[in-house]
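Participant: What follows is a structure written as structure tokens; I'll ask about it next.
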Amino acid sequence: MNRRQLKKEVLNLLQESSLEEIYQRLGRYPARSLLNPLFIALCHPVEKVRWHAVCCFGRLVPAMAEKDLEAARMVMRRFLWMLNDESGGIGWGAPEALAEIMCHSAQLRKEYLHMLLSYMREDGEELYQDGNYLELPMLQRGLLWGIGRLCLGHRQEMLEWKIIDEVSAYLESSDLHVVGLAIWCLGILGVEAGIEQIKRFAKCDEPLRLFLGNDIHEISVAEIVQRALDPKECNG
């Protein structure tokens with residue numbers, strides 16, 4: 001099968017509703033041959049296809065890491081390059097895919113989590129430049145989804161990185177989708193220090209589309225606030 005045929009088959013497959021079926025059928029192909037079609041799928045016009053590609057990266061790359069860690073690192077570096085200003089691209093889907101991969105690989109999380117977190121940070125003085133702040137709200141949405149995804153799977157580890165203040169800064173965003181995702185993250189981490197800030201959005205009916213549990217959920221910012229303030233809902 002040539003590359004064009006493989007790309008067409010993978011993109012068609014990603015439109016299926018069952019992720020388990022997608023995983024099973026993709027398992028018939030050599031892992032490395034799937035990388036380029038999945039990267040292409042991150043920019044697909046169909047939302048479901050994009051999210052399924054993110055999930056497939058989360059299955060594929062950790063499995064690669066177990067057999068060939070350097071090959072998995074090359075994929076991670078490709079995502080980081082996509083988010084680099086010098087790449088000439090935008091990096092759509094890169095934060096989400098990085099996070100999904102790290103959710104399923106302790107080794108890759110150990111090596112690359114600090115890089116994902118750096119996209120929330122501005123550069124400091126020259127000797128302390130560790131920030132790679134993402135300016136575009138659309139990329140910030142993907143980043144905060146990724147942060148929340150990691151918080152759901154590895155809450156204590158994320159708390160140890162002391163990111164609550166950095167996430168809270170997004171409550172000042174003019175993009176209400178970004179605000180909603182920040183509140184979602186804070187709800188998982190615990191919002192005691194920022195309850196009053198969050199309550200400001202208790203009546204905000206701005207709709208969000210949140211991918212969770214292998215499905216896309218339509219939810220308002222106000223509903224996210226309600227869940228964030230309810231300890232029973234801290235699992236997202």
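Just so we're on the same page: first chain in the structure tokens is A, next is B, and so on; residues restart at 1 for each chain, and ligands are numbered from 1 in the order they show up.
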Give me, as a list in words, all polymer residues having an atom no more than 10 Å from Gly58 (chain A), counting only C-alpha atoms and skipping those fewer than 3 positions away in the same chain.

Facilitator: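 Result of the neighbour search: His52, Ala53, Val54, Cys55, Val61, Pro62, Ala63, Glu96, Ala97, Leu98, Ala99, Glu100, Ile101, Met102, Cys103, His104 and Ser105 of chain A.
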
Participant: What lies within 12 Å of Arg73 (chain A) using only C-alpha atoms, ignoring chain neighbours under 3 positions off, as a list of chain:residue names?

Facilitator: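 Listing them by chain and then by number gives A:Val61, A:Pro62, A:Ala63, A:Met64, A:Ala65, A:Glu66, A:Lys67, A:Asp68, A:Leu69, A:Glu70, A:Met76, A:Arg77, A:Arg78, A:Phe79, A:Leu80, A:Leu98, A:Ile101, A:Met102, A:Ser105, A:Gln107, A:Leu108, A:Arg109, A:Lys110, A:Glu111, A:Tyr112.
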
Participant: Save out the residues we just selected, N, CA and C atoms, as a CSV table (one decimal), in the first residue's frame.

Facilitator:
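The resulting part-v2.csv:
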chain,number,residue,atom,x,y,z
A,61,VAL,N,2.3,6.1,20.6
A,61,VAL,CA,3.7,6.6,21.0
A,61,VAL,C,4.2,5.9,22.3
A,62,PRO,N,3.3,5.8,23.3
A,62,PRO,CA,3.8,5.1,24.5
A,62,PRO,C,4.2,3.6,24.2
A,63,ALA,N,3.5,3.0,23.3
A,63,ALA,CA,3.8,1.6,22.9
A,63,ALA,C,5.2,1.6,22.2
A,64,MET,N,5.4,2.6,21.4
A,64,MET,CA,6.7,2.8,20.7
A,64,MET,C,7.8,2.9,21.8
A,65,ALA,N,7.5,3.7,22.8
A,65,ALA,CA,8.5,4.0,23.8
A,65,ALA,C,9.0,2.8,24.5
A,66,GLU,N,8.1,1.8,24.7
A,66,GLU,CA,8.5,0.6,25.4
A,66,GLU,C,9.4,-0.3,24.5
A,67,LYS,N,9.4,-0.1,23.2
A,67,LYS,CA,10.2,-0.9,22.4
A,67,LYS,C,11.5,-0.1,21.9
A,68,ASP,N,11.3,1.2,21.6
A,68,ASP,CA,12.3,2.0,21.0
A,68,ASP,C,12.1,3.4,21.6
A,69,LEU,N,12.7,3.7,22.7
A,69,LEU,CA,12.5,5.0,23.4
A,69,LEU,C,12.9,6.1,22.5
A,70,GLU,N,14.0,6.0,21.8
A,70,GLU,CA,14.5,7.1,20.9
A,70,GLU,C,13.5,7.4,19.8
A,76,MET,N,8.0,13.1,20.0
A,76,MET,CA,7.8,14.2,20.9
A,76,MET,C,8.5,15.4,20.5
A,77,ARG,N,9.7,15.3,19.9
A,77,ARG,CA,10.4,16.4,19.5
A,77,ARG,C,9.7,17.1,18.2
A,78,ARG,N,9.1,16.2,17.4
A,78,ARG,CA,8.4,16.8,16.3
A,78,ARG,C,7.2,17.6,16.7
A,79,PHE,N,6.5,17.2,17.8
A,79,PHE,CA,5.4,18.0,18.3
A,79,PHE,C,6.0,19.4,18.9
A,80,LEU,N,7.1,19.3,19.6
A,80,LEU,CA,7.7,20.5,20.1
A,80,LEU,C,8.1,21.4,19.0
A,98,LEU,N,0.6,15.8,22.8
A,98,LEU,CA,1.7,15.7,23.8
A,98,LEU,C,1.1,15.2,25.2
A,101,ILE,N,-0.2,11.6,25.1
A,101,ILE,CA,0.9,10.6,25.1
A,101,ILE,C,1.5,10.5,26.5
A,102,MET,N,1.7,11.6,27.2
A,102,MET,CA,2.3,11.6,28.5
A,102,MET,C,1.4,11.0,29.6
A,105,SER,N,2.4,7.3,29.4
A,105,SER,CA,3.9,7.0,29.5
A,105,SER,C,4.6,7.7,30.6
A,107,GLN,N,7.6,7.4,31.5
A,107,GLN,CA,9.0,7.8,31.0
A,107,GLN,C,8.9,9.1,30.2
A,108,LEU,N,8.0,9.2,29.2
A,108,LEU,CA,7.9,10.4,28.4
A,108,LEU,C,7.4,11.6,29.2
A,109,ARG,N,6.5,11.3,30.2
A,109,ARG,CA,6.1,12.4,31.1
A,109,ARG,C,7.3,12.9,31.9
A,110,LYS,N,8.1,12.1,32.4
A,110,LYS,CA,9.3,12.5,33.1
A,110,LYS,C,10.2,13.4,32.3
A,111,GLU,N,10.3,13.1,31.0
A,111,GLU,CA,11.2,13.8,30.1
A,111,GLU,C,10.6,15.1,29.5
A,112,TYR,N,9.3,15.1,29.3
A,112,TYR,CA,8.7,16.2,28.5
A,112,TYR,C,7.6,17.0,29.2

Participant: Within 8 Å of region 151-165 of chain A, counting only C-alpha atoms, which residues show up once you throw out same-chain ones fewer than 3 positions away? Write them as a list in words, please.

Facilitator: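 Everything that qualifies: Cys103, Ile147, Gly148, Ser168, Ala169, Cys185, Leu186, Ile188, Leu189, Asn235 and Gly236 of chain A.
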
Participant: Work out how far CA of Gln140 (chain A) is from CA of Gly194 (chain A), in Å to one decimal.

Facilitator: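 Going from CA of Gly194 (chain A) over to CA of Gln140 (chain A), I get 19.9 Å.
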
Participant: Can you work out the spacing between CA of Ile40 (chain A) and CA of Ala182 (chain A) in Å, to one decimal?

Facilitator: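 CA of Ala182 (chain A) lies at a distance of 27.6 Å from CA of Ile40 (chain A).
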
Participant: Excluding Asn12 (chain A) and its own-chain neighbours fewer than 6 positions away, which residues fall within 12 Å of it when counting only C-alpha atoms? Please give them as a list of chain:residue names.

Facilitator: A:Gln5, A:Leu6, A:Ile22, A:Arg25, A:Leu26, A:Pro37, A:Leu38, A:Ala41, A:His44, A:Val46, A:Lys48, A:Val49, A:Arg50, A:His52, A:Ala53

Participant: Kindly save the residues from that selection, with N, CA and C atoms included, as a compact mmCIF listing (two decimals), in the first residue's frame.

Facilitator:
# COMPACT_ATOMS: atom_id res chain seq x y z
N GLN A 5 -2.69 5.88 -0.26
CA GLN A 5 -3.74 4.93 0.12
C GLN A 5 -3.82 4.78 1.64
N LEU A 6 -2.66 4.71 2.28
CA LEU A 6 -2.63 4.57 3.74
C LEU A 6 -3.26 5.79 4.41
N ILE A 22 -11.07 1.46 16.31
CA ILE A 22 -10.00 2.17 15.60
C ILE A 22 -8.65 1.64 16.04
N ARG A 25 -7.99 -1.85 14.55
CA ARG A 25 -7.71 -1.89 13.11
C ARG A 25 -6.38 -1.22 12.78
N LEU A 26 -6.03 -0.17 13.52
CA LEU A 26 -4.74 0.47 13.29
C LEU A 26 -3.59 -0.45 13.71
N PRO A 37 0.06 10.01 8.68
CA PRO A 37 -1.39 10.18 8.57
C PRO A 37 -2.02 10.75 9.84
N LEU A 38 -1.52 10.37 11.01
CA LEU A 38 -2.07 10.90 12.25
C LEU A 38 -1.73 12.38 12.43
N ALA A 41 -4.07 14.20 10.35
CA ALA A 41 -5.42 14.17 10.92
C ALA A 41 -5.63 15.22 12.00
N HIS A 44 -7.56 17.99 10.51
CA HIS A 44 -8.73 17.59 9.72
C HIS A 44 -9.92 18.50 10.05
N VAL A 46 -13.00 17.75 10.35
CA VAL A 46 -13.98 17.09 11.21
C VAL A 46 -13.41 16.97 12.62
N LYS A 48 -14.25 15.28 15.28
CA LYS A 48 -14.10 13.93 15.82
C LYS A 48 -12.82 13.27 15.32
N VAL A 49 -12.48 13.50 14.06
CA VAL A 49 -11.27 12.94 13.49
C VAL A 49 -10.04 13.48 14.21
N ARG A 50 -10.04 14.78 14.49
CA ARG A 50 -8.90 15.38 15.20
C ARG A 50 -8.72 14.77 16.58
N HIS A 52 -9.81 11.86 17.65
CA HIS A 52 -9.43 10.45 17.54
C HIS A 52 -7.94 10.32 17.22
N ALA A 53 -7.43 11.26 16.43
CA ALA A 53 -5.98 11.25 16.15
C ALA A 53 -5.20 11.49 17.44

Participant: Just want the 8 Å neighbourhood of Leu116 (chain A), counted on only C-alpha atoms, with same-chain residues fewer than 2 positions away dropped. Output as a short mmCIF file (atom, residue, chain, number, x, y, z; two decimals) with C-alpha atoms, in the first residue's frame.

Facilitator:
data_model
loop_
_atom_site.label_atom_id
_atom_site.label_comp_id
_atom_site.auth_asym_id
_atom_site.auth_seq_id
_atom_site.Cartn_x
_atom_site.Cartn_y
_atom_site.Cartn_z
CA PRO A 95 -0.44 20.28 23.01
CA LEU A 98 1.67 15.65 23.83
CA ALA A 99 -0.55 15.50 26.90
CA TYR A 112 8.74 16.17 28.49
CA LEU A 113 6.14 17.39 31.00
CA HIS A 114 8.26 20.41 31.89
CA SER A 118 6.60 25.90 29.72
CA TYR A 119 3.93 26.91 27.20
CA MET A 120 2.05 28.58 30.08
CA LEU A 143 -2.77 23.51 26.06
#

Participant: State, in Å with one decimal place, the distance from CA of Arg200 (chain A) to CA of Val225 (chain A).

Facilitator: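 Here the two named atoms are 9.1 Å from each other.
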
Participant: Extract the full set of strand (DSSP E) residues from region 43-213 of chain A according to DSSP on the backbone, and format it as a PyMOL selection string.

Facilitator: chain A and resi 207-212

Participant: Extract the full set of helix (DSSP H, G or I) residues from region 91-126 of chain A according to DSSP on the backbone, and format it as a PyMOL selection string.

Facilitator: chain A and resi 94-103+106-118+126

Participant: Would you save the residues from that selection as an mmCIF file, in the first residue's frame, using C-alpha atoms?

Facilitator:
data_model
loop_
_atom_site.group_PDB
_atom_site.id
_atom_site.type_symbol
_atom_site.label_atom_id
_atom_site.label_comp_id
_atom_site.auth_asym_id
_atom_site.auth_seq_id
_atom_site.Cartn_x
_atom_site.Cartn_y
_atom_site.Cartn_z
ATOM 1 C CA ALA A 94 0.250 19.385 19.339
ATOM 2 C CA PRO A 95 -0.436 20.282 23.015
ATOM 3 C CA GLU A 96 -3.355 17.852 23.155
ATOM 4 C CA ALA A 97 -1.363 15.011 21.613
ATOM 5 C CA LEU A 98 1.673 15.652 23.829
ATOM 6 C CA ALA A 99 -0.553 15.502 26.902
ATOM 7 C CA GLU A 100 -2.390 12.378 25.808
ATOM 8 C CA ILE A 101 0.902 10.613 25.131
ATOM 9 C CA MET A 102 2.310 11.589 28.516
ATOM 10 C CA CYS A 103 -0.843 10.406 30.272
ATOM 11 C CA ALA A 106 5.617 7.688 32.773
ATOM 12 C CA GLN A 107 8.976 7.837 31.011
ATOM 13 C CA LEU A 108 7.887 10.396 28.421
ATOM 14 C CA ARG A 109 6.076 12.372 31.105
ATOM 15 C CA LYS A 110 9.284 12.488 33.122
ATOM 16 C CA GLU A 111 11.226 13.796 30.121
ATOM 17 C CA TYR A 112 8.737 16.172 28.495
ATOM 18 C CA LEU A 113 6.144 17.391 30.999
ATOM 19 C CA HIS A 114 8.259 20.406 31.892
ATOM 20 C CA MET A 115 8.174 21.410 28.225
ATOM 21 C CA LEU A 116 4.380 21.276 28.051
ATOM 22 C CA LEU A 117 4.162 23.391 31.206
ATOM 23 C CA SER A 118 6.598 25.897 29.719
ATOM 24 C CA GLU A 126 17.941 36.154 30.217
#
